[in-house]
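Just my_file-v5.txt here, compact mmCIF, C-alpha atoms:
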# COMPACT_ATOMS: atom_id res chain seq x y z
CA MET A 236 -21.00 0.51 10.12
CA LYS A 237 -17.78 -1.46 10.23
CA THR A 238 -15.09 0.96 11.25
CA THR A 239 -11.86 -0.95 11.04
CA GLN A 240 -9.66 1.50 9.22
CA ASP A 241 -7.99 0.10 6.08
CA GLN A 242 -6.50 -2.97 7.69
CA PHE A 243 -3.90 -4.44 5.42
CA ASN A 244 -4.62 -7.86 6.82
CA THR A 245 -8.02 -7.64 5.12
CA PRO A 246 -7.13 -6.02 1.77
CA SER A 247 -10.09 -7.67 0.09
CA GLU A 248 -12.47 -5.58 2.23
CA PRO A 249 -11.49 -1.99 1.60
CA LEU A 250 -15.05 -0.68 1.74
CA LYS A 251 -16.53 -0.41 5.18
CA ASN A 252 -19.86 -1.87 6.25
CA SER A 253 -22.38 0.86 6.82
CA ALA A 254 -25.17 -1.45 7.92
CA HIS A 255 -23.55 -3.45 10.72
CA PRO A 256 -20.92 -2.44 13.29
CA GLY A 257 -18.72 -4.44 13.57
CA SER A 258 1.17 -25.37 6.95
CA ALA A 259 4.68 -24.56 6.54
CA PRO A 260 7.43 -27.17 7.02
CA GLY A 261 8.51 -27.57 10.61
CA TRP A 262 12.00 -26.35 9.91
CA GLN A 263 10.93 -23.00 8.67
CA LYS A 264 11.49 -20.20 11.14
CA PRO A 265 8.33 -18.43 12.26
CA LEU A 266 7.75 -15.17 10.50
CA THR A 267 6.70 -12.06 12.36
CA TYR A 268 3.86 -10.21 10.67
CA PHE A 269 2.97 -6.61 11.31
CA SER A 270 -0.64 -5.54 11.31
CA ILE A 271 -0.79 -3.16 8.37
CA PHE A 272 -3.41 -0.53 7.67
CA LEU A 273 -4.32 0.32 4.13
CA LEU A 274 -5.19 3.92 4.40
CA GLY A 275 -7.97 4.50 1.92
CA ALA A 276 -11.44 3.06 2.08
CA SER A 277 -11.75 4.19 5.69
CA ALA A 278 -15.23 4.68 7.01
CA THR A 279 -15.82 8.21 8.26
CA TRP A 280 -18.24 9.47 10.86
CA SER A 281 -19.37 13.05 11.17
CA ALA A 282 -18.82 14.60 14.57
CA THR A 283 -18.46 18.07 16.05
CA GLN A 284 -15.76 18.92 18.53
CA PHE A 285 -15.63 22.08 20.58
CA LEU A 286 -12.04 22.89 21.45
CA ASN A 287 -11.08 25.47 24.02
CA GLY A 288 -8.61 27.90 22.60
CA PRO A 289 -5.16 27.83 24.17
CA THR A 290 -4.38 30.40 26.81
CA LEU A 291 -1.33 32.40 25.87
CA VAL A 292 0.74 33.37 28.89
CA SER A 293 3.35 36.08 28.51
CA PRO A 294 6.64 35.63 30.38
CA PRO A 295 7.19 37.89 33.42
CA VAL A 296 8.68 41.28 32.66
CA ASN A 297 11.14 42.79 35.12
CA ALA A 298 10.58 46.38 36.09
CA ALA A 299 13.02 48.65 34.29
CA SER A 300 14.88 51.57 35.85
CA PRO A 301 14.48 55.05 34.30
CA ALA A 302 17.97 54.74 32.86
CA GLN A 303 17.11 51.48 31.25
CA VAL A 304 13.94 52.96 29.81
CA GLN A 305 15.89 55.84 28.27
CA THR A 306 18.42 53.52 26.61
CA ALA A 307 15.98 50.85 25.44
CA ALA A 308 15.80 50.30 21.69
CA PRO A 309 12.66 51.68 20.07
CA VAL A 310 9.87 49.16 19.47
CA ILE A 311 8.91 48.70 15.82
CA GLN A 312 5.18 48.26 15.48
CA GLY A 313 3.68 45.80 12.97
CA ARG A 314 5.03 42.67 11.32
CA LEU A 315 8.69 42.22 10.60
CA PRO A 316 9.52 41.40 6.97
CA ILE A 317 10.01 37.71 6.23
CA ALA A 318 13.01 37.01 4.04
CA ASP A 319 12.13 33.45 2.98
CA THR A 320 8.77 32.27 1.69
CA ASN A 321 7.23 29.09 3.06
CA PHE A 322 7.90 26.51 0.34
CA ILE A 323 5.37 24.14 1.91
CA THR A 324 2.60 26.69 1.50
CA ASP A 325 3.64 27.22 -2.12
CA VAL A 326 3.54 23.46 -2.77
CA VAL A 327 0.10 23.09 -1.19
CA GLN A 328 -1.33 26.03 -3.11
CA ASN A 329 0.01 24.64 -6.39
CA VAL A 330 -0.82 20.97 -5.93
CA GLY A 331 -3.80 21.08 -3.56
CA PRO A 332 -6.43 21.68 -6.29
CA ALA A 333 -5.32 18.45 -8.01
CA VAL A 334 -5.91 16.33 -4.89
CA VAL A 335 -9.38 14.76 -4.73
CA ARG A 336 -11.58 12.93 -2.28
CA ILE A 337 -12.90 9.53 -3.42
CA ASN A 338 -16.07 8.04 -1.92
CA ALA A 339 -16.78 4.47 -3.03
CA SER A 340 -19.67 2.16 -2.18
CA ARG A 341 -20.85 -1.31 -3.06
CA THR A 342 -23.84 -3.50 -2.25
CA VAL A 343 -23.06 -6.83 -0.64
CA THR A 344 -25.57 -9.68 -0.43
CA THR A 345 -25.26 -12.13 2.44
CA GLN A 346 -26.78 -15.55 1.86
CA ILE A 347 -28.70 -17.27 4.64
CA PRO A 348 -26.74 -20.25 6.04
CA ASP A 349 -28.38 -23.59 5.28
CA ALA A 350 -28.46 -24.39 9.00
CA PHE A 351 -30.96 -21.57 9.52
CA ASN A 352 -33.47 -23.46 7.37
CA ASP A 353 -33.30 -26.51 9.63
CA PRO A 354 -36.69 -27.18 11.30
CA PHE A 355 -34.92 -27.48 14.66
CA PHE A 356 -33.72 -23.87 14.47
CA ARG A 357 -37.06 -22.69 13.15
CA GLN A 358 -38.85 -24.39 16.05
CA PHE A 359 -36.86 -22.53 18.69
CA PHE A 360 -36.12 -19.22 16.98
CA GLY A 361 -39.07 -18.80 14.64
CA SER A 362 -39.45 -15.35 13.13
CA ARG A 363 -36.21 -14.15 14.68
CA LEU A 364 -34.31 -16.02 11.97
CA PRO A 365 -33.91 -14.26 8.59
CA THR A 366 -35.73 -15.85 5.68
CA GLN A 367 -34.29 -13.87 2.76
CA PRO A 368 -30.75 -12.94 1.71
CA GLN A 369 -29.61 -9.79 3.48
CA GLU A 370 -28.20 -6.79 1.62
CA ARG A 371 -25.95 -4.12 3.05
CA VAL A 372 -24.10 -1.17 1.60
CA GLU A 373 -20.39 -0.82 2.33
CA ARG A 374 -18.80 2.62 1.98
CA GLY A 375 -15.22 3.82 2.06
CA THR A 376 -13.28 7.03 1.64
CA GLY A 377 -9.82 7.62 0.22
CA SER A 378 -7.78 10.13 -1.71
CA GLY A 379 -6.42 10.51 -5.23
CA PHE A 380 -4.72 13.02 -7.50
CA ILE A 381 -5.40 14.14 -11.06
CA ILE A 382 -2.71 13.16 -13.59
CA SER A 383 -4.35 14.49 -16.79
CA ASN A 384 -6.45 17.58 -17.41
CA ASP A 385 -9.20 15.44 -18.99
CA GLY A 386 -9.90 13.63 -15.70
CA GLN A 387 -7.59 10.64 -15.19
CA ILE A 388 -7.01 10.12 -11.47
CA LEU A 389 -4.47 7.92 -9.73
CA THR A 390 -5.45 6.20 -6.48
CA ASN A 391 -5.05 2.93 -4.59
CA ALA A 392 -6.73 -0.25 -5.81
CA HIS A 393 -8.09 -1.00 -2.34
CA VAL A 394 -9.91 2.35 -2.29
CA VAL A 395 -12.19 1.41 -5.23
CA ALA A 396 -11.99 -2.41 -5.26
CA GLY A 397 -15.39 -3.91 -6.06
CA ALA A 398 -17.16 -0.55 -5.95
CA ASP A 399 -20.58 -0.13 -7.55
CA THR A 400 -20.34 3.65 -7.48
CA VAL A 401 -17.38 6.02 -7.20
CA GLU A 402 -17.84 9.70 -6.40
CA VAL A 403 -14.94 12.12 -6.88
CA THR A 404 -15.00 15.49 -5.15
CA LEU A 405 -12.56 18.26 -6.10
CA LYS A 406 -11.16 20.83 -3.71
CA ASP A 407 -13.34 23.52 -5.30
CA GLY A 408 -16.45 21.52 -4.30
CA ARG A 409 -17.37 20.09 -7.69
CA SER A 410 -18.43 16.45 -7.63
CA PHE A 411 -18.27 13.87 -10.44
CA THR A 412 -19.19 10.24 -10.95
CA GLY A 413 -16.02 8.27 -11.52
CA GLN A 414 -15.43 5.24 -13.73
CA VAL A 415 -12.78 2.73 -12.66
CA MET A 416 -10.54 2.21 -15.69
CA GLY A 417 -8.63 -0.62 -14.03
CA THR A 418 -7.16 -1.88 -10.78
CA ASP A 419 -4.00 -3.83 -10.02
CA PRO A 420 -4.15 -5.49 -6.59
CA VAL A 421 -0.57 -6.77 -6.96
CA THR A 422 0.78 -3.21 -6.69
CA ASP A 423 -2.35 -1.60 -5.18
CA VAL A 424 -2.68 0.91 -8.03
CA ALA A 425 -5.91 2.00 -9.74
CA VAL A 426 -6.99 4.62 -12.27
CA VAL A 427 -10.36 6.42 -12.10
CA LYS A 428 -11.76 8.61 -14.89
CA ILE A 429 -14.17 11.52 -14.56
CA GLU A 430 -15.78 13.44 -17.42
CA ALA A 431 -14.28 16.92 -17.17
CA ASN A 432 -11.80 19.15 -18.96
CA ASP A 433 -9.18 21.75 -18.06
CA LEU A 434 -8.64 20.22 -14.64
CA PRO A 435 -5.66 21.06 -12.43
CA THR A 436 -3.01 18.34 -12.54
CA ALA A 437 -0.16 17.24 -10.31
CA VAL A 438 3.38 17.33 -11.68
CA VAL A 439 5.09 13.94 -11.55
CA GLY A 440 8.67 13.73 -10.31
CA ASP A 441 11.30 10.97 -10.39
CA SER A 442 11.22 8.56 -7.44
CA GLU A 443 14.45 6.89 -8.59
CA GLN A 444 16.41 9.96 -7.48
CA LEU A 445 15.06 10.03 -3.92
CA GLN A 446 17.48 10.17 -0.99
CA PRO A 447 16.69 9.68 2.71
CA GLY A 448 16.48 13.03 4.44
CA GLU A 449 14.68 14.88 1.65
CA TRP A 450 11.50 16.77 2.47
CA ALA A 451 8.21 14.88 2.16
CA ILE A 452 4.77 16.54 2.02
CA ALA A 453 1.56 14.49 2.17
CA ILE A 454 -1.85 15.81 1.10
CA GLY A 455 -5.04 13.81 1.49
CA ASN A 456 -8.29 13.25 3.38
CA PRO A 457 -7.35 11.36 6.56
CA LEU A 458 -10.36 10.36 8.67
CA GLY A 459 -12.56 12.46 6.40
CA LEU A 460 -10.67 15.72 7.07
CA ASP A 461 -10.35 17.05 3.53
CA ASN A 462 -7.14 18.63 2.21
CA THR A 463 -5.05 17.81 5.27
CA VAL A 464 -1.34 18.60 4.90
CA THR A 465 1.45 16.92 6.86
CA VAL A 466 5.21 17.31 6.51
CA GLY A 467 8.25 15.17 7.26
CA ILE A 468 11.18 13.62 5.47
CA ILE A 469 11.95 10.58 3.38
CA SER A 470 12.97 8.09 6.08
CA GLY A 471 14.06 5.33 3.71
CA THR A 472 13.72 3.95 0.20
CA GLY A 473 13.55 0.48 -1.30
CA ARG A 474 11.60 -1.06 1.56
CA SER A 475 10.59 -4.49 0.28
CA SER A 476 7.03 -5.72 0.61
CA SER A 477 8.20 -8.42 3.03
CA GLN A 478 9.89 -5.80 5.22
CA VAL A 479 6.71 -3.76 5.32
CA GLY A 480 4.67 -6.88 6.11
CA VAL A 481 2.72 -7.23 2.84
CA PRO A 482 4.52 -10.06 0.99
CA ASP A 483 1.67 -10.39 -1.53
CA LYS A 484 2.56 -6.98 -3.06
CA ARG A 485 5.15 -6.30 -5.77
CA VAL A 486 6.39 -2.93 -4.57
CA ASN A 487 9.57 -1.50 -3.02
CA PHE A 488 8.07 1.19 -0.82
CA ILE A 489 9.16 4.69 0.14
CA GLN A 490 9.20 5.17 3.92
CA THR A 491 8.30 8.56 5.38
CA ASP A 492 7.68 10.05 8.80
CA ALA A 493 5.13 12.54 7.44
CA ALA A 494 1.95 11.79 9.36
CA ILE A 495 -0.29 9.45 7.36
CA ASN A 496 -3.65 8.16 8.57
CA PRO A 497 -6.60 6.10 7.31
CA GLY A 498 -8.12 8.01 4.39
CA ASN A 499 -4.75 9.20 3.06
CA SER A 500 -4.61 6.22 0.70
CA GLY A 501 -4.15 7.27 -2.90
CA GLY A 502 -3.04 10.78 -2.00
CA PRO A 503 0.27 12.19 -3.23
CA LEU A 504 3.59 12.29 -1.42
CA LEU A 505 5.45 15.37 -2.69
CA ASN A 506 8.98 16.70 -2.64
CA GLN A 507 9.90 20.29 -1.81
CA ARG A 508 9.44 21.29 -5.47
CA GLY A 509 5.83 20.11 -5.39
CA GLU A 510 6.46 17.06 -7.59
CA VAL A 511 4.69 13.78 -6.85
CA ILE A 512 7.26 11.22 -5.76
CA GLY A 513 4.93 8.60 -4.32
CA MET A 514 1.36 7.53 -3.60
CA ASN A 515 0.55 7.06 0.09
CA THR A 516 -0.76 3.60 0.83
CA ALA A 517 0.04 2.01 4.21
CA ILE A 518 0.98 2.38 7.84
CA ILE A 519 2.02 -0.13 10.48
CA GLN A 520 -0.39 -0.36 13.38
CA GLY A 521 1.16 0.62 16.69
CA ALA A 522 4.23 2.22 15.11
CA GLN A 523 5.09 5.89 15.42
CA GLY A 524 6.10 7.85 12.33
CA LEU A 525 6.13 4.95 9.88
CA GLY A 526 4.24 5.56 6.66
CA PHE A 527 4.75 3.98 3.26
CA ALA A 528 4.17 5.13 -0.30
CA ILE A 529 4.35 3.48 -3.71
CA PRO A 530 7.15 5.11 -5.75
CA ILE A 531 5.58 7.26 -8.45
CA ASN A 532 7.71 5.71 -11.23
CA ARG A 533 6.21 2.31 -10.37
CA ALA A 534 2.69 3.67 -9.95
CA GLN A 535 2.83 5.60 -13.22
CA ASP A 536 4.06 2.55 -15.16
CA ILE A 537 1.18 0.48 -13.79
CA ALA A 538 -1.29 3.29 -14.48
CA GLN A 539 -0.27 3.52 -18.14
CA GLN A 540 -0.91 -0.21 -18.56
CA LEU A 541 -4.29 0.09 -16.84
CA ILE A 542 -5.29 3.00 -19.08
CA ALA A 543 -4.22 1.12 -22.21
CA ASN A 544 -5.43 -2.40 -21.36
CA GLY A 545 -7.58 -2.22 -18.23
CA GLU A 546 -5.28 -4.75 -16.51
CA VAL A 547 -1.65 -5.52 -15.78
CA GLN A 548 0.13 -8.83 -16.35
CA HIS A 549 2.87 -9.51 -13.85
CA PRO A 550 5.45 -12.22 -14.63
CA TYR A 551 5.25 -15.14 -12.21
CA VAL A 552 7.52 -18.12 -11.53
CA GLY A 553 5.80 -19.82 -8.59
CA ILE A 554 8.30 -20.40 -5.81
CA GLN A 555 8.54 -19.68 -2.11
CA MET A 556 11.99 -18.60 -0.97
CA VAL A 557 13.96 -18.17 2.22
CA GLN A 558 17.35 -16.57 2.89
CA LEU A 559 19.92 -19.20 3.88
CA THR A 560 22.17 -18.85 6.92
CA PRO A 561 24.46 -21.45 8.54
CA GLU A 562 21.99 -21.69 11.41
CA LEU A 563 19.05 -22.32 9.10
CA LYS A 564 21.08 -24.88 7.15
CA ASN A 565 21.79 -26.84 10.35
CA GLU A 566 18.18 -26.58 11.44
CA ILE A 567 16.93 -27.98 8.14
CA ASN A 568 19.48 -30.80 7.98
CA ASN A 569 18.79 -31.82 11.59
CA ASN A 570 15.03 -31.88 11.11
CA PRO A 571 13.91 -35.37 9.98
CA ASN A 572 10.60 -33.93 8.79
CA ALA A 573 12.12 -31.24 6.58
CA GLY A 574 12.41 -33.52 3.54
CA LEU A 575 15.42 -31.50 2.34
CA THR A 576 19.19 -31.64 2.56
CA VAL A 577 20.98 -28.30 2.21
CA THR A 578 24.67 -28.13 1.26
CA GLU A 579 25.05 -24.34 1.07
CA ASP A 580 25.57 -21.88 3.91
CA LYS A 581 24.19 -18.88 2.05
CA GLY A 582 21.99 -18.04 -0.90
CA ILE A 583 18.28 -18.09 -1.65
CA LEU A 584 16.76 -21.46 -0.89
CA ILE A 585 13.66 -22.56 -2.78
CA ALA A 586 11.49 -23.82 0.06
CA GLN A 587 8.46 -24.74 -2.04
CA VAL A 588 7.50 -24.94 -5.69
CA MET A 589 3.85 -24.19 -6.45
CA PRO A 590 1.96 -26.95 -8.29
CA ASP A 591 1.43 -26.50 -12.04
CA SER A 592 3.61 -23.37 -12.08
CA PRO A 593 6.28 -22.09 -14.51
CA ALA A 594 8.85 -23.21 -11.92
CA VAL A 595 7.66 -26.81 -12.19
CA ARG A 596 7.70 -26.69 -15.98
CA GLY A 597 11.19 -25.14 -15.90
CA GLY A 598 12.56 -27.91 -13.68
CA LEU A 599 13.04 -26.04 -10.41
CA ARG A 600 12.75 -28.08 -7.22
CA ALA A 601 12.39 -27.44 -3.52
CA GLY A 602 15.89 -27.46 -2.06
CA ASP A 603 17.53 -25.71 -5.02
CA VAL A 604 19.64 -22.71 -4.05
CA ILE A 605 19.40 -19.76 -6.47
CA VAL A 606 22.78 -18.26 -7.34
CA SER A 607 22.05 -15.92 -10.25
CA ILE A 608 19.42 -15.02 -12.84
CA ASN A 609 20.45 -13.97 -16.34
CA GLY A 610 24.01 -13.61 -15.07
CA VAL A 611 23.06 -11.26 -12.20
CA GLN A 612 24.06 -12.47 -8.74
CA MET A 613 21.09 -12.79 -6.38
CA THR A 614 21.70 -11.47 -2.88
CA ASP A 615 18.26 -11.97 -1.35
CA ALA A 616 14.68 -13.00 -2.14
CA ASN A 617 13.73 -9.43 -2.99
CA ALA A 618 16.42 -9.34 -5.68
CA VAL A 619 14.95 -12.51 -7.21
CA GLN A 620 11.48 -10.94 -7.26
CA GLN A 621 12.80 -7.77 -8.90
CA GLN A 622 14.64 -9.75 -11.57
CA VAL A 623 11.50 -11.71 -12.36
CA GLU A 624 9.49 -8.49 -12.53
CA ARG A 625 11.93 -7.01 -15.08
CA THR A 626 11.17 -9.75 -17.57
CA ARG A 627 7.83 -10.31 -19.31
CA VAL A 628 5.18 -13.00 -19.40
CA GLY A 629 6.43 -15.66 -21.81
CA GLY A 630 10.01 -14.41 -21.67
CA GLU A 631 12.93 -16.52 -20.47
CA LEU A 632 14.98 -16.52 -17.31
CA GLN A 633 18.32 -18.31 -17.18
CA MET A 634 18.44 -19.42 -13.57
CA GLN A 635 21.68 -20.74 -12.08
CA VAL A 636 21.03 -22.95 -9.06
CA ILE A 637 22.92 -25.39 -6.86
CA ARG A 638 21.24 -28.77 -6.42
CA ASN A 639 22.79 -31.33 -4.07
CA GLY A 640 26.07 -29.46 -4.24
CA GLN A 641 26.19 -29.37 -8.07
CA PRO A 642 25.69 -26.24 -10.26
CA LEU A 643 22.80 -26.36 -12.69
CA THR A 644 21.34 -23.90 -15.22
CA LEU A 645 17.62 -23.98 -15.98
CA ALA A 646 15.51 -21.99 -18.46
CA VAL A 647 12.27 -20.81 -16.87
CA GLN A 648 9.49 -18.99 -18.75
CA PRO A 649 7.42 -16.80 -16.40
CA GLY A 650 3.66 -17.01 -16.65
CA ALA A 651 1.01 -14.45 -15.75
CA PHE A 652 0.64 -13.76 -12.05
CA PRO A 653 -2.53 -15.53 -10.85
CA ASN A 654 -4.97 -14.02 -8.39
CA GLN A 655 -3.56 -16.07 -5.55
CA ALA A 656 0.19 -16.75 -5.70
CA SER A 657 3.36 -16.31 -3.70
CA ASN A 658 6.06 -15.13 -6.12
I'd like the structure from this file rewritten - as structure tokens, please.
Amino acid sequence: MKTTQDQFNTPSEPLKNSAHPGSAPGWQKPLTYFSIFLLGASATWSATQFLNGPTLVSPPVNAASPAQVQTAAPVIQGRLPIADTNFITDVVQNVGPAVVRINASRTVTTQIPDAFNDPFFRQFFGSRLPTQPQERVERGTGSGFIISNDGQILTNAHVVAGADTVEVTLKDGRSFTGQVMGTDPVTDVAVVKIEANDLPTAVVGDSEQLQPGEWAIAIGNPLGLDNTVTVGIISGTGRSSSQVGVPDKRVNFIQTDAAINPGNSGGPLLNQRGEVIGMNTAIIQGAQGLGFAIPINRAQDIAQQLIANGEVQHPYVGIQMVQLTPELKNEINNNPNAGLTVTEDKGILIAQVMPDSPAVRGGLRAGDVIVSINGVQMTDANAVQQQVERTRVGGELQMQVIRNGQPLTLAVQPGAFPNQASN
């Protein structure tokens, strides 16, 4: 069974193998990529651990004199009253029943390479070579949470991507066969439906109001340990997909230091009032205390489109961008192989225009520097992406650019985001 846990660098393989273990222009600065783990779809192995209980050692007690004994305060037996209730316990008790475990599986057929049918190989290897296509079952585990009492469940797209069967298990032990209503790999959001009524639901909060330093509570099934609770704070908001190391996603992530592990994917991130503020989705391999969640406002918007249409259309222009600096400008202009001449010291440089894209049809060219879109000044590539996302497929973007030192306004109509695209 392939046990790589939710690696973000292989998002197309969220379900783990249970049968087998297992050119940019020269002037562009090298990018540093983090190895990211998508947290759902993690293979789980059953094991039993015997842990020795901790030995409690009392501190030494000095012998007391008779006078000290007579004046000592009386000892009150039993528990002291607790003035404040544990809000974390209250949140878990209220929301925990709405958090589910999702087991997904799919059958994968591996074709025999043509080379194996060569008589030369057959002569030397004979019966040791396979003669028929090989089938294997891939399984993965993730989390989710119920958003409607008739069985709509929010989870990550990579948890259920390509699944033949989806099994949903509630905290009370009931198990249901789930139907995938839709997945959106661009934001890593999916909706699963089970046939049930009067189910416990999670209360949705407002992720737009989040501030760093607020409490963060994560509930999920990391490494197959059901209903695990971890606590921390909101470490940051508005982390762009490029900052997190997943530039193919259209999400500004919430960062938290609440412990998140493979299998937490799709589980809720909660505030101190027990409201869902995000959906846990990724960690950075090798980092300590860095977890990321999709803001619930974004996830809920995508979920509503999936429930209504089964898919989501994201507006797409088709450009690759880089943030200009004086150093990068000099590097480009001094590189005879760059094929570009840059006149600006700052701005968002269009490094490449994708063939047959809305950008081409709108007249954008490599070397253009984006100044504003629809009158809004663009400060970085993430701002451009957000502005594009706010429009709609077939809408119109008035893009102000500088080309060869001259200002130019172009009307670009975004198309639908293809399966493989950059921006």
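Taking CA of Gly640 (chain A) and CA of Gly602 (chain A) as the two end points, the separation is 10.6 Å.
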**OP:** Can you work out the spacing between CA of Gln612 (chain A) and CA of Asp591 (chain A) in Å, to one decimal?
**Re:**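 Separating CA of Gln612 (chain A) from CA of Asp591 (chain A) is a distance of 26.8 Å.
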Closest-contact table, region 427-449 of chain A side, partner region 335-339 of chain A, 12 Å, counting only C-alpha atoms, as JSON lines:
{"residue": "A:Val427", "atom": "CA", "partner": "A:Ile337", "partner_atom": "CA", "distance": 9.6}
{"residue": "A:Lys428", "atom": "CA", "partner": "A:Ile337", "partner_atom": "CA", "distance": 11.6}
{"residue": "A:Ile429", "atom": "CA", "partner": "A:Ile337", "partner_atom": "CA", "distance": 11.4}
{"residue": "A:Leu434", "atom": "CA", "partner": "A:Val335", "partner_atom": "CA", "distance": 11.3}
{"residue": "A:Pro435", "atom": "CA", "partner": "A:Val335", "partner_atom": "CA", "distance": 10.6}
{"residue": "A:Thr436", "atom": "CA", "partner": "A:Val335", "partner_atom": "CA", "distance": 10.7}
{"residue": "A:Ala437", "atom": "CA", "partner": "A:Val335", "partner_atom": "CA", "distance": 11.1}
**OP:** Kindly give the distance, in Å, that separates CA of Gln444 (chain A) and CA of Asp536 (chain A), rounded to a single decimal.
**Re:**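 Going from CA of Gln444 (chain A) over to CA of Asp536 (chain A) covers 16.3 Å.
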Original post:
Gly417 (chain A): which residues within 7 Å, counting all atoms listed in the file, same-chain residues fewer than 2 positions away excluded, as a ChimeraX atom specification?
Top reply: /A:415,419,425-426,541,545-546
**OP:** Give me the residues within 10 Å of Gly526 (chain A) as a ChimeraX atom specification, counting all atoms listed in the file and dropping any in the same chain fewer than 6 places off.
**Re:** /A:272,274,469-470,479,488-496,515-519
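With all atoms listed in the file as the atoms that count, the residue of A:Val619, A:Met589, A:Val424, A:Ala431 with the shortest distance to Phe411 (chain A) is A:Ala431.
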Each region 510-593 of chain A residue no farther than 9 Å from region 376-397 of chain A, nearest pair in Å, only C-alpha atoms, as JSON lines:
{"residue": "A:Met514", "atom": "CA", "partner": "A:Thr390", "partner_atom": "CA", "distance": 7.5}
{"residue": "A:Asn515", "atom": "CA", "partner": "A:Asn391", "partner_atom": "CA", "distance": 8.4}
{"residue": "A:Thr516", "atom": "CA", "partner": "A:Asn391", "partner_atom": "CA", "distance": 6.9}
{"residue": "A:Ala534", "atom": "CA", "partner": "A:Leu389", "partner_atom": "CA", "distance": 8.3}
{"residue": "A:Gln535", "atom": "CA", "partner": "A:Leu389", "partner_atom": "CA", "distance": 8.4}
{"residue": "A:Ala538", "atom": "CA", "partner": "A:Leu389", "partner_atom": "CA", "distance": 7.4}
{"residue": "A:Ile542", "atom": "CA", "partner": "A:Gln387", "partner_atom": "CA", "distance": 8.9}
Output C-alpha atoms for every residue in that selection, as a short mmCIF file (atom, residue, chain, number, x, y, z; two decimals), keeping the file's coordinate frame.
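Generated output (result_39.cif):
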data_model
loop_
_atom_site.label_atom_id
_atom_site.label_comp_id
_atom_site.auth_asym_id
_atom_site.auth_seq_id
_atom_site.Cartn_x
_atom_site.Cartn_y
_atom_site.Cartn_z
CA MET A 514 1.36 7.53 -3.60
CA ASN A 515 0.55 7.06 0.09
CA THR A 516 -0.76 3.60 0.83
CA ALA A 534 2.69 3.67 -9.95
CA GLN A 535 2.83 5.60 -13.22
CA ALA A 538 -1.29 3.29 -14.48
CA ILE A 542 -5.29 3.00 -19.08
#
**OP:** Have a look at A:Ala528, A:Val636, A:Ala594, A:Val401 and name the one nearest to Ser500 (chain A); count all atoms listed in the file.
**Re:** A:Ala528
